[in-house]
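Visitor: One structure follows; several queries about it will come next.
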Amino acid sequence: MKPLPVLGDRKSRGLSTDQGFPASGCTRRDVIKYAFGAFALAGAGINVGCSSRQGSGNEQTADSEFELSGRPKATLDPDSRLPIVWIEAGVCTGCAVTLLGSTDPTIESVLPLLRLEFQETLMDRSGASEMDRLLATSSELANKYLFVIDGTIPAGPTAHATTLGMAARDYELTAQDLVTQLAQRAAAIVALGTCASFGGINAAKPNPANHRPLADFVPPGKPLIRIPGCPPHPAWILETLTTVLTKGLPGLVLDELGRPLPAFGGTIHDVCLRRSAYEAGEFAESPGDPVRCLMAVGCKGPMTHADCPKRLWGGRSSCIQANHPCIGCAAPGFPDAREDAGVEGKTATSPIYS
Amino acid sequence: MTNEVVTIDPVSRIEGHLRIDLDIRDGVVFQALSSGTSFRGFEVFLRGRDPREAAHITQRICGVCPVPHARCATAAFEQAAGISVNNQARLIRNLIEAANFIDSHLLHFYVLALPDFVAGLPAAGNWSRTAAPKIWDARGGIDMDSLVKHYLGHLQARRDCLGIASLLGGKLPHVVGIVAGGATASVTADVKSTLADLAAKVRSFVESSYLGDVDWLNQTFAEYRDIGASQCGFLCYGGYPEADGSKLFASGVVSASGGSIRALEPALITESVARSRFEYAAPLNPASGQTNLELARQDAYSLAKAARLDGAPMEVGPLARAVVGNRAPNYRGVMARHAARATEAGILAARLTEWVTSLEVGASACPKFPMPPVSGTGIGLVEAPRGALGHWLTISDSVIDRYQVISPTTWNGSPRDERAQPGPLEKSLEGVVVKDKDDPIEVLRIVHSFDPCLQCAVH
């Protein structure tokens, strides 16, 4: 075998935070004005517990004041936005993709309300300087930001199975390092998706890299909100974020696992459109049956807390409406029952079809 | 001579976690290393499960391009079980997959790639820009208001794609409606009419906005037509079955030295772990592949394996499909990838309507849901938005005994192999002039043109 090419000492170099666009002298206020003006171009309006004066043109909307519910006539200045640090750990990126596809509310109507300090899939800049900026920002905003994590975190001897970037001076940050630090400084923590909430697919047995859910890294006493789902429905996420924004953390009503109500208050089975077939004992013999109850082919609806049949995916459908049994992707035990999965996890288990 | 090592980690605006190390000599990239930095272990935890579950589990490899994994897993299962699917299933699968392709291509262009050329776009600029959108180097040729309008319009076009995928697959990401033996959706007259409406809207956006925006970028940054060529061969497994058994995207291989299009020989595919952080073994065909994590290896740098065809690195993706399909531009760099991606989005958008029209109201797309065979082997070879995707399945005692995945970025983003050959992304960075080593935008433009999907590459 030929030797590995020599790249010096592979020392990390910080990248500049300036990509070469000279600052134009705009203020933060102008940035927000621009953002709203741009969104108005697409005909979008703020409709998430907020209302705006309808503007027909760019300028008019840009100058609107927004009435945030619970905060009458508040001006949406940059610092009233909800500060969010979002780390994607061991992920599939489905949580970010589902959010970008939000139909009600539209993502473009909510984005201006959020101050995303770090989101790797969306942010424009790359490199160690971004990690340094993230760490500095998390100190400045200590106990003020919402820490959002999707994915799982390999722990212990396999921590290097997921590294997220370089901090200055050649320090390679594992997901475990970064999540632990950022969790300590957060005001509250949101586990996005079934992986961060409960381990999910990444922690499936035998879990060779020891991927762990977020709860393992949350300091005692720090509020933990779980929004499971593989991926979560975007409205579950945005309703949670906008509730925190408008009413603060006390505005959230959570169940004993930290899941927001009403989205996770009942089970899929409670609101299933085929409930009458179930009551009548009409059971499908295979997936693909357009009418009968799918319980006999493995439906996990009774063990899965979520409201997909009411909520609708893409505003149009859900798994059972596509004639497939619920696979329990929002349940703590997905895809394997685990000892720490809670009561639900002991029943909503693989295999999918039995 | 000045000689510096520059590390870019994280590389943002991609799927997953990628690290790039550059050896820059006198302002020119001498060599580059591409590292996947997040391992989960799908090939390990698929073992022992019902092989029909692979369609659901492997989608969770990637939330950006889940549908091709479902399709690939069912193809491998169906080959192992010796079954075929009916025409209605073919149409439904093509529609869900095309919706996912177009959605992925739009996301890539507007959200992941465009900020390398235009600063201050809404999603990115919302928190870190201090000015309204500006084109790099103050280049022009486009009305900025209309570009921003298209940027926002792509969000609606993606929602229309998600609508198609949800109606036929339940939800996206991670559809449930593509199953072993076919597809589960039943198409009513109402659904068909809604699908036709959504297909027309998607096509309208692609043709009236996306194609023009990519063309503008291609004209405005014409130097990137040649910059970033991988100098590798091109590989396409073939995708989107037609009614006559042919494929909309033909399969084939073109060597690095050019020449004619050759037939694909899957037996020549191997994965090397020479520089990958797994227990060392000689390159293996994935039908007998292994996945034994060894993080401590000092002579390895990536968590991705290195896919090779007959020992050679191959570029896969929209440009490879265009080259093998004889419709590629006569350049092979960054803009060739963007142009090929847009062109095929146009091809697929046009076919959506035709496939919707062919759907039969009330027909079953899965007349008989199959049981797993006691034993068997199957290979699924499909095209994903980012290129050739393969699943290799072995069933024993009716459960999965071996499962190996080679995703597009396992080809494009591969590390070096036993012969120290760089992967296509690594090779494409060699010789690139970097004006500011603290801000290597030229490198990011090339990296992003591949639309890297690292969680797929490593899985």
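As shown in the structure tokens, the chain order sets the letters A, B, ...; within each chain, residues go from 1, and ligands are also counted from 1 in the order they appear.
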When DSSP is applied to the backbone of this structure, which of segment 158-238 of chain B are assigned helix (DSSP H, G or I)? Write them out as an NGL selection string.

Guide: :B and (158-169 or 189-220 or 222-225)

Visitor: Kindly save the residues from that selection, with N, CA and C atoms included, as a compact mmCIF listing (two decimals), in the first residue's frame.

Guide:
```
# COMPACT_ATOMS: atom_id res chain seq x y z
N ARG B 158 -41.44 22.99 -3.87
CA ARG B 158 -41.08 21.81 -3.08
C ARG B 158 -42.30 21.30 -2.33
N ARG B 159 -43.13 22.21 -1.82
CA ARG B 159 -44.34 21.75 -1.13
C ARG B 159 -45.24 20.99 -2.10
N ASP B 160 -45.28 21.43 -3.36
CA ASP B 160 -46.08 20.70 -4.35
C ASP B 160 -45.50 19.31 -4.60
N CYS B 161 -44.17 19.22 -4.60
CA CYS B 161 -43.53 17.89 -4.72
C CYS B 161 -43.90 17.02 -3.51
N LEU B 162 -43.85 17.62 -2.32
CA LEU B 162 -44.20 16.87 -1.11
C LEU B 162 -45.66 16.43 -1.18
N GLY B 163 -46.50 17.25 -1.79
CA GLY B 163 -47.91 16.89 -1.96
C GLY B 163 -48.06 15.63 -2.80
N ILE B 164 -47.34 15.56 -3.90
CA ILE B 164 -47.39 14.37 -4.76
C ILE B 164 -46.91 13.15 -3.98
N ALA B 165 -45.77 13.32 -3.30
CA ALA B 165 -45.20 12.18 -2.57
C ALA B 165 -46.10 11.76 -1.42
N SER B 166 -46.76 12.71 -0.76
CA SER B 166 -47.64 12.37 0.36
C SER B 166 -48.89 11.64 -0.14
N LEU B 167 -49.47 12.13 -1.19
CA LEU B 167 -50.70 11.49 -1.71
C LEU B 167 -50.43 10.04 -2.11
N LEU B 168 -49.23 9.76 -2.62
CA LEU B 168 -48.93 8.41 -3.09
C LEU B 168 -48.10 7.60 -2.10
N GLY B 169 -47.43 8.29 -1.17
CA GLY B 169 -46.53 7.57 -0.26
C GLY B 169 -46.79 7.80 1.20
N ALA B 189 -60.29 9.04 -8.46
CA ALA B 189 -60.38 10.09 -9.49
C ALA B 189 -59.98 11.44 -8.90
N ASP B 190 -60.38 11.67 -7.65
CA ASP B 190 -60.02 12.93 -6.99
C ASP B 190 -58.51 13.07 -6.82
N VAL B 191 -57.90 11.99 -6.33
CA VAL B 191 -56.45 12.01 -6.13
C VAL B 191 -55.74 12.25 -7.46
N LYS B 192 -56.20 11.58 -8.47
CA LYS B 192 -55.57 11.72 -9.79
C LYS B 192 -55.66 13.17 -10.29
N SER B 193 -56.79 13.77 -10.06
CA SER B 193 -56.97 15.14 -10.49
C SER B 193 -56.06 16.09 -9.70
N THR B 194 -55.94 15.85 -8.39
CA THR B 194 -55.04 16.67 -7.57
C THR B 194 -53.59 16.48 -8.01
N LEU B 195 -53.22 15.23 -8.28
CA LEU B 195 -51.85 14.94 -8.73
C LEU B 195 -51.55 15.68 -10.04
N ALA B 196 -52.52 15.69 -10.93
CA ALA B 196 -52.32 16.36 -12.23
C ALA B 196 -52.09 17.85 -12.01
N ASP B 197 -52.85 18.41 -11.09
CA ASP B 197 -52.72 19.83 -10.79
C ASP B 197 -51.33 20.14 -10.19
N LEU B 198 -50.90 19.30 -9.24
CA LEU B 198 -49.59 19.50 -8.61
C LEU B 198 -48.46 19.32 -9.62
N ALA B 199 -48.60 18.31 -10.48
CA ALA B 199 -47.57 18.05 -11.49
C ALA B 199 -47.41 19.26 -12.41
N ALA B 200 -48.54 19.86 -12.77
CA ALA B 200 -48.48 21.02 -13.67
C ALA B 200 -47.79 22.20 -12.97
N LYS B 201 -48.06 22.37 -11.67
CA LYS B 201 -47.44 23.47 -10.94
C LYS B 201 -45.93 23.27 -10.80
N VAL B 202 -45.53 22.03 -10.51
CA VAL B 202 -44.10 21.74 -10.38
C VAL B 202 -43.40 22.02 -11.70
N ARG B 203 -44.00 21.53 -12.77
CA ARG B 203 -43.39 21.72 -14.09
C ARG B 203 -43.28 23.21 -14.42
N SER B 204 -44.31 23.93 -14.08
CA SER B 204 -44.31 25.36 -14.37
C SER B 204 -43.16 26.06 -13.65
N PHE B 205 -42.94 25.73 -12.37
CA PHE B 205 -41.84 26.39 -11.65
C PHE B 205 -40.49 26.00 -12.23
N VAL B 206 -40.32 24.71 -12.50
CA VAL B 206 -39.03 24.25 -13.03
C VAL B 206 -38.73 24.97 -14.34
N GLU B 207 -39.73 25.04 -15.21
CA GLU B 207 -39.48 25.59 -16.54
C GLU B 207 -39.41 27.12 -16.54
N SER B 208 -40.20 27.76 -15.70
CA SER B 208 -40.24 29.22 -15.76
C SER B 208 -39.22 29.87 -14.84
N SER B 209 -38.72 29.15 -13.84
CA SER B 209 -37.81 29.79 -12.89
C SER B 209 -36.47 29.08 -12.77
N TYR B 210 -36.51 27.80 -12.39
CA TYR B 210 -35.28 27.06 -12.07
C TYR B 210 -34.33 26.99 -13.28
N LEU B 211 -34.86 26.58 -14.43
CA LEU B 211 -33.98 26.41 -15.59
C LEU B 211 -33.29 27.72 -15.96
N GLY B 212 -34.05 28.80 -15.91
CA GLY B 212 -33.49 30.11 -16.27
C GLY B 212 -32.45 30.57 -15.26
N ASP B 213 -32.70 30.31 -13.98
CA ASP B 213 -31.75 30.74 -12.96
C ASP B 213 -30.43 29.98 -13.08
N VAL B 214 -30.52 28.70 -13.38
CA VAL B 214 -29.29 27.92 -13.56
C VAL B 214 -28.56 28.38 -14.81
N ASP B 215 -29.32 28.68 -15.84
CA ASP B 215 -28.70 29.16 -17.08
C ASP B 215 -27.98 30.49 -16.83
N TRP B 216 -28.63 31.35 -16.05
CA TRP B 216 -27.98 32.63 -15.71
C TRP B 216 -26.66 32.38 -14.97
N LEU B 217 -26.70 31.49 -14.00
CA LEU B 217 -25.49 31.20 -13.23
C LEU B 217 -24.39 30.67 -14.14
N ASN B 218 -24.79 29.79 -15.03
CA ASN B 218 -23.85 29.16 -15.96
C ASN B 218 -23.21 30.21 -16.88
N GLN B 219 -24.00 31.18 -17.34
CA GLN B 219 -23.46 32.24 -18.21
C GLN B 219 -22.58 33.20 -17.41
N THR B 220 -23.02 33.51 -16.20
CA THR B 220 -22.39 34.57 -15.42
C THR B 220 -21.07 34.11 -14.80
N ALA B 222 -19.04 31.64 -16.08
CA ALA B 222 -18.66 30.69 -17.13
C ALA B 222 -17.30 30.05 -16.88
N GLU B 223 -16.43 30.72 -16.09
CA GLU B 223 -15.13 30.10 -15.82
C GLU B 223 -15.28 28.79 -15.05
N TYR B 224 -16.44 28.63 -14.38
CA TYR B 224 -16.66 27.40 -13.62
C TYR B 224 -17.21 26.26 -14.48
N ARG B 225 -17.28 26.48 -15.79
CA ARG B 225 -17.66 25.34 -16.64
C ARG B 225 -16.54 24.30 -16.63
```

Visitor: Per residue of chain B within 6 Å of chain A, record the nearest atom pair and its distance in Å to one decimal, counting only C-alpha atoms, with rows in chain order and ascending residue number, as JSON lines.

Guide:
```
{"residue": "B:Val5", "atom": "CA", "partner": "A:Arg10", "partner_atom": "CA", "distance": 5.9}
{"residue": "B:Val6", "atom": "CA", "partner": "A:Arg13", "partner_atom": "CA", "distance": 5.3}
{"residue": "B:Thr7", "atom": "CA", "partner": "A:Ser12", "partner_atom": "CA", "distance": 5.1}
{"residue": "B:Ile8", "atom": "CA", "partner": "A:Gly127", "partner_atom": "CA", "distance": 4.5}
{"residue": "B:Asp9", "atom": "CA", "partner": "A:Gly165", "partner_atom": "CA", "distance": 4.6}
{"residue": "B:Pro10", "atom": "CA", "partner": "A:Gly165", "partner_atom": "CA", "distance": 4.6}
{"residue": "B:Val11", "atom": "CA", "partner": "A:Ser126", "partner_atom": "CA", "distance": 4.9}
{"residue": "B:Ser12", "atom": "CA", "partner": "A:Glu120", "partner_atom": "CA", "distance": 5.0}
{"residue": "B:Arg13", "atom": "CA", "partner": "A:Thr121", "partner_atom": "CA", "distance": 4.4}
{"residue": "B:Ile14", "atom": "CA", "partner": "A:Thr121", "partner_atom": "CA", "distance": 5.8}
{"residue": "B:Asp23", "atom": "CA", "partner": "A:Leu7", "partner_atom": "CA", "distance": 5.8}
{"residue": "B:Thr37", "atom": "CA", "partner": "A:Thr163", "partner_atom": "CA", "distance": 5.5}
{"residue": "B:Ser38", "atom": "CA", "partner": "A:Thr162", "partner_atom": "CA", "distance": 4.0}
{"residue": "B:Phe39", "atom": "CA", "partner": "A:Ala161", "partner_atom": "CA", "distance": 5.3}
{"residue": "B:Arg40", "atom": "CA", "partner": "A:Asn202", "partner_atom": "CA", "distance": 5.9}
{"residue": "B:Phe45", "atom": "CA", "partner": "A:Lys205", "partner_atom": "CA", "distance": 5.7}
{"residue": "B:Ile61", "atom": "CA", "partner": "A:Cys92", "partner_atom": "CA", "distance": 5.6}
{"residue": "B:Cys62", "atom": "CA", "partner": "A:Cys92", "partner_atom": "CA", "distance": 4.4}
{"residue": "B:Gly63", "atom": "CA", "partner": "A:Gly94", "partner_atom": "CA", "distance": 3.6}
{"residue": "B:Ala124", "atom": "CA", "partner": "A:Met123", "partner_atom": "CA", "distance": 5.1}
{"residue": "B:Lys149", "atom": "CA", "partner": "A:Ala42", "partner_atom": "CA", "distance": 5.9}
{"residue": "B:Arg159", "atom": "CA", "partner": "A:Gly101", "partner_atom": "CA", "distance": 5.6}
{"residue": "B:Leu162", "atom": "CA", "partner": "A:Gly314", "partner_atom": "CA", "distance": 5.6}
{"residue": "B:Gly163", "atom": "CA", "partner": "A:Gly314", "partner_atom": "CA", "distance": 5.0}
{"residue": "B:Ser166", "atom": "CA", "partner": "A:Ser317", "partner_atom": "CA", "distance": 5.6}
{"residue": "B:Leu167", "atom": "CA", "partner": "A:Ser317", "partner_atom": "CA", "distance": 5.5}
{"residue": "B:Gly169", "atom": "CA", "partner": "A:Ala322", "partner_atom": "CA", "distance": 5.9}
{"residue": "B:Gly170", "atom": "CA", "partner": "A:Cys319", "partner_atom": "CA", "distance": 4.1}
{"residue": "B:Lys171", "atom": "CA", "partner": "A:Trp313", "partner_atom": "CA", "distance": 5.4}
{"residue": "B:Thr184", "atom": "CA", "partner": "A:Gly288", "partner_atom": "CA", "distance": 4.0}
{"residue": "B:Ala185", "atom": "CA", "partner": "A:Ala322", "partner_atom": "CA", "distance": 4.8}
{"residue": "B:Glu418", "atom": "CA", "partner": "A:Met1", "partner_atom": "CA", "distance": 5.3}
{"residue": "B:Asp438", "atom": "CA", "partner": "A:Leu15", "partner_atom": "CA", "distance": 4.4}
{"residue": "B:Asp439", "atom": "CA", "partner": "A:Leu15", "partner_atom": "CA", "distance": 5.5}
```

Visitor: Write to file, as a PDB file, in the first residue's frame, the residues of the selection just made, with C-alpha atoms.

Guide:
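Output saved as result_38.pdb:
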```
ATOM      1  CA  VAL B   5      -2.695  23.087   5.161  1.00  0.00           C
ATOM      2  CA  VAL B   6      -6.217  24.432   5.372  1.00  0.00           C
ATOM      3  CA  THR B   7      -9.025  22.474   6.996  1.00  0.00           C
ATOM      4  CA  ILE B   8     -12.669  23.249   6.279  1.00  0.00           C
ATOM      5  CA  ASP B   9     -14.796  21.599   8.956  1.00  0.00           C
ATOM      6  CA  PRO B  10     -17.726  21.829   9.102  1.00  0.00           C
ATOM      7  CA  VAL B  11     -18.552  22.210   5.434  1.00  0.00           C
ATOM      8  CA  SER B  12     -21.993  23.768   5.683  1.00  0.00           C
ATOM      9  CA  ARG B  13     -24.865  23.622   3.162  1.00  0.00           C
ATOM     10  CA  ILE B  14     -24.525  19.927   2.451  1.00  0.00           C
ATOM     11  CA  ASP B  23      -2.669  21.138   0.897  1.00  0.00           C
ATOM     12  CA  THR B  37     -17.247  12.306   9.945  1.00  0.00           C
ATOM     13  CA  SER B  38     -20.452  10.628  11.161  1.00  0.00           C
ATOM     14  CA  PHE B  39     -21.058   6.870  11.326  1.00  0.00           C
ATOM     15  CA  ARG B  40     -24.337   5.293  12.453  1.00  0.00           C
ATOM     16  CA  PHE B  45     -28.343  -3.020  12.580  1.00  0.00           C
ATOM     17  CA  ILE B  61     -30.063   6.860   5.974  1.00  0.00           C
ATOM     18  CA  CYS B  62     -31.040  10.135   4.325  1.00  0.00           C
ATOM     19  CA  GLY B  63     -33.901  12.561   4.810  1.00  0.00           C
ATOM     20  CA  ALA B 124     -28.863  32.260   4.994  1.00  0.00           C
ATOM     21  CA  LYS B 149     -38.880  35.673  -5.787  1.00  0.00           C
ATOM     22  CA  ARG B 159     -44.339  21.754  -1.134  1.00  0.00           C
ATOM     23  CA  LEU B 162     -44.204  16.865  -1.110  1.00  0.00           C
ATOM     24  CA  GLY B 163     -47.912  16.886  -1.958  1.00  0.00           C
ATOM     25  CA  SER B 166     -47.639  12.366   0.355  1.00  0.00           C
ATOM     26  CA  LEU B 167     -50.695  11.488  -1.707  1.00  0.00           C
ATOM     27  CA  GLY B 169     -46.527   7.568  -0.264  1.00  0.00           C
ATOM     28  CA  GLY B 170     -48.172   8.860   2.926  1.00  0.00           C
ATOM     29  CA  LYS B 171     -45.483  11.409   3.793  1.00  0.00           C
ATOM     30  CA  THR B 184     -49.746   0.716  -1.346  1.00  0.00           C
ATOM     31  CA  ALA B 185     -51.628   3.780  -2.567  1.00  0.00           C
ATOM     32  CA  GLU B 418      -4.825   1.052  -1.898  1.00  0.00           C
ATOM     33  CA  ASP B 438      -8.866  31.945   4.844  1.00  0.00           C
ATOM     34  CA  ASP B 439     -11.921  32.086   2.633  1.00  0.00           C
TER      35      ASP B 439
END
```

Visitor: Which one is closest to Gly153 of chain B: B:Val447, B:Val254, B:Leu284, B:Leu107? Count only C-alpha atoms.

Guide: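 For Gly153 of chain B, the nearest of the given residues is B:Leu107.
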
Visitor: Write out as a compact mmCIF listing (two decimals) with N, CA, C and O atoms, in the first residue's frame all residues of segment 184-244 of chain B that DSSP puts in strand (DSSP E) for this structure's backbone.

Guide:
```
# COMPACT_ATOMS: atom_id res chain seq x y z
N GLY B 233 -13.90 8.72 -14.66
CA GLY B 233 -14.93 8.16 -15.52
C GLY B 233 -16.31 8.45 -14.94
O GLY B 233 -16.43 8.98 -13.83
N PHE B 234 -17.35 8.12 -15.72
CA PHE B 234 -18.72 8.35 -15.27
C PHE B 234 -19.48 7.03 -15.22
O PHE B 234 -19.32 6.17 -16.09
N LEU B 235 -20.33 6.92 -14.18
CA LEU B 235 -21.07 5.68 -13.95
C LEU B 235 -22.53 5.98 -13.69
O LEU B 235 -22.86 6.88 -12.91
N CYS B 236 -23.40 5.24 -14.36
CA CYS B 236 -24.84 5.39 -14.14
C CYS B 236 -25.47 4.00 -14.12
O CYS B 236 -25.24 3.20 -15.03
N GLY B 239 -32.13 4.50 -14.25
CA GLY B 239 -33.23 4.79 -13.35
C GLY B 239 -34.54 5.07 -14.07
O GLY B 239 -34.55 5.38 -15.27
N TYR B 240 -35.63 4.93 -13.35
CA TYR B 240 -36.99 5.17 -13.83
C TYR B 240 -37.40 4.21 -14.95
O TYR B 240 -37.29 4.52 -16.14
N PRO B 241 -37.88 3.01 -14.55
CA PRO B 241 -38.30 2.04 -15.55
C PRO B 241 -39.48 2.55 -16.38
O PRO B 241 -40.40 3.17 -15.86
```

Visitor: Need the shell around segment 250-253 of chain B: protein/DNA/RNA residues with any atom at most 6 Å away, counting only C-alpha atoms. Skip same-chain ones fewer than 6 positions apart. Format as a PyMOL selection string?

Guide: chain B and resi 234-238+261-264+324

Visitor: Can you tell me how far atom CA of Leu182 of chain A sits from atom CA of Ile441 of chain B, in Å to one decimal?

Guide: 28.6 Å

Visitor: Quick one: residues within 8 Å of Gln421 of chain B, only C-alpha atoms, excluding same-chain residues fewer than 4 positions away - as an MDAnalysis selection string?

Guide: chainID B and resid 313 416:417

Visitor: Print the selection's residues with N, CA and C atoms to a file, as a PDB file, in the first residue's frame.

Guide:
```
ATOM      1  N   PRO B 313     -11.874   5.151  -9.535  1.00  0.00           N
ATOM      2  CA  PRO B 313     -12.905   6.034  -8.984  1.00  0.00           C
ATOM      3  C   PRO B 313     -13.815   6.504 -10.126  1.00  0.00           C
ATOM      4  N   ARG B 416      -9.030   8.044  -0.416  1.00  0.00           N
ATOM      5  CA  ARG B 416      -8.077   7.314  -1.252  1.00  0.00           C
ATOM      6  C   ARG B 416      -8.190   5.800  -1.032  1.00  0.00           C
ATOM      7  N   ASP B 417      -7.630   5.062  -1.983  1.00  0.00           N
ATOM      8  CA  ASP B 417      -7.696   3.604  -1.929  1.00  0.00           C
ATOM      9  C   ASP B 417      -6.284   3.018  -1.810  1.00  0.00           C
TER      10      ASP B 417
END
```

Visitor: As a list of chain:residue names, please: the residues near Val118 of chain B (cut-off 9 Å, only C-alpha atoms, same-chain neighbours under 5 positions excluded).

Guide: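 The contact residues come out as B:Pro133, B:Lys134, B:Ile135, B:Trp136.
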
Visitor: May I have the residues from that selection written out with all heavy atoms, as a PDB file, in the first residue's frame?

Guide:
```pdb
ATOM      1  N   PRO B 133     -29.190  41.103  -0.989  1.00  0.00           N
ATOM      2  CA  PRO B 133     -28.457  40.150  -1.833  1.00  0.00           C
ATOM      3  C   PRO B 133     -27.492  40.832  -2.796  1.00  0.00           C
ATOM      4  O   PRO B 133     -27.792  41.866  -3.363  1.00  0.00           O
ATOM      5  CB  PRO B 133     -29.568  39.438  -2.607  1.00  0.00           C
ATOM      6  CG  PRO B 133     -30.769  39.595  -1.785  1.00  0.00           C
ATOM      7  CD  PRO B 133     -30.637  40.905  -1.082  1.00  0.00           C
ATOM      8  N   LYS B 134     -26.354  40.213  -2.936  1.00  0.00           N
ATOM      9  CA  LYS B 134     -25.347  40.731  -3.856  1.00  0.00           C
ATOM     10  C   LYS B 134     -24.728  39.562  -4.583  1.00  0.00           C
ATOM     11  O   LYS B 134     -24.461  38.529  -3.972  1.00  0.00           O
ATOM     12  CB  LYS B 134     -24.228  41.442  -3.082  1.00  0.00           C
ATOM     13  CG  LYS B 134     -24.557  42.850  -2.674  1.00  0.00           C
ATOM     14  CD  LYS B 134     -23.342  43.457  -2.000  1.00  0.00           C
ATOM     15  CE  LYS B 134     -23.675  44.844  -1.506  1.00  0.00           C
ATOM     16  NZ  LYS B 134     -22.684  45.325  -0.549  1.00  0.00           N
ATOM     17  N   ILE B 135     -24.484  39.777  -5.845  1.00  0.00           N
ATOM     18  CA  ILE B 135     -23.827  38.727  -6.616  1.00  0.00           C
ATOM     19  C   ILE B 135     -22.321  38.890  -6.439  1.00  0.00           C
ATOM     20  O   ILE B 135     -21.801  40.010  -6.438  1.00  0.00           O
ATOM     21  CB  ILE B 135     -24.218  38.830  -8.103  1.00  0.00           C
ATOM     22  CG1 ILE B 135     -25.743  38.737  -8.224  1.00  0.00           C
ATOM     23  CG2 ILE B 135     -23.545  37.741  -8.917  1.00  0.00           C
ATOM     24  CD1 ILE B 135     -26.266  39.158  -9.562  1.00  0.00           C
ATOM     25  N   TRP B 136     -21.675  37.771  -6.282  1.00  0.00           N
ATOM     26  CA  TRP B 136     -20.230  37.748  -6.089  1.00  0.00           C
ATOM     27  C   TRP B 136     -19.531  38.552  -7.192  1.00  0.00           C
ATOM     28  O   TRP B 136     -19.920  38.481  -8.348  1.00  0.00           O
ATOM     29  CB  TRP B 136     -19.764  36.296  -6.134  1.00  0.00           C
ATOM     30  CG  TRP B 136     -18.383  36.099  -5.604  1.00  0.00           C
ATOM     31  CD1 TRP B 136     -17.230  36.099  -6.311  1.00  0.00           C
ATOM     32  CD2 TRP B 136     -18.021  35.864  -4.242  1.00  0.00           C
ATOM     33  NE1 TRP B 136     -16.168  35.881  -5.483  1.00  0.00           N
ATOM     34  CE2 TRP B 136     -16.613  35.729  -4.204  1.00  0.00           C
ATOM     35  CE3 TRP B 136     -18.744  35.754  -3.053  1.00  0.00           C
ATOM     36  CZ2 TRP B 136     -15.921  35.480  -3.025  1.00  0.00           C
ATOM     37  CZ3 TRP B 136     -18.050  35.510  -1.887  1.00  0.00           C
ATOM     38  CH2 TRP B 136     -16.660  35.379  -1.879  1.00  0.00           C
TER      39      TRP B 136
END
```

Visitor: Work out how far atom CA of Arg259 of chain A is from atom CA of Ile227 of chain A, in Å to one decimal.

Guide: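 About the pair atom CA of Ile227 of chain A and atom CA of Arg259 of chain A: they are 5.9 Å apart.
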
Visitor: Fewer than 3 positions away in the same chain doesn't count, so skip those; otherwise give me all residues within 10 Å of Ser139 of chain A, counting only C-alpha atoms, as a list in words.

Guide: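 Close residues of Ser139 of chain A: Arg133, Leu134, Leu135, Ala136, Ala142, Asn143, Lys144, Gln181, Leu182, Arg185 and Ala186 of chain A.
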
Visitor: In Å to one decimal, how far is atom CA of Gly182 of chain B from atom CA of Ala89 of chain B?

Guide: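 Straight-line distance from atom CA of Ala89 of chain B to atom CA of Gly182 of chain B works out to 5.0 Å.
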
Visitor: Which neighbours of segment 265-281 of chain B fall inside 7 Å, counting only C-alpha atoms, when residues of the same chain fewer than 3 positions from it are skipped, and could you give them as a list of chain:residue names?

Guide: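 The residues satisfying every condition are B:Leu284, B:Asn285, B:Pro286, B:Thr291, B:Asn292, B:Leu293, B:Glu294, B:Leu295, B:Arg297, B:Asp299, B:Ala300, B:Tyr301, B:Ser302, B:Leu303, B:Ala304, B:Lys305, B:Ala306, B:Ala307, B:Arg308, B:Leu309, B:Asp310, B:Pro415, B:Arg416, B:Asp417, B:Glu418.
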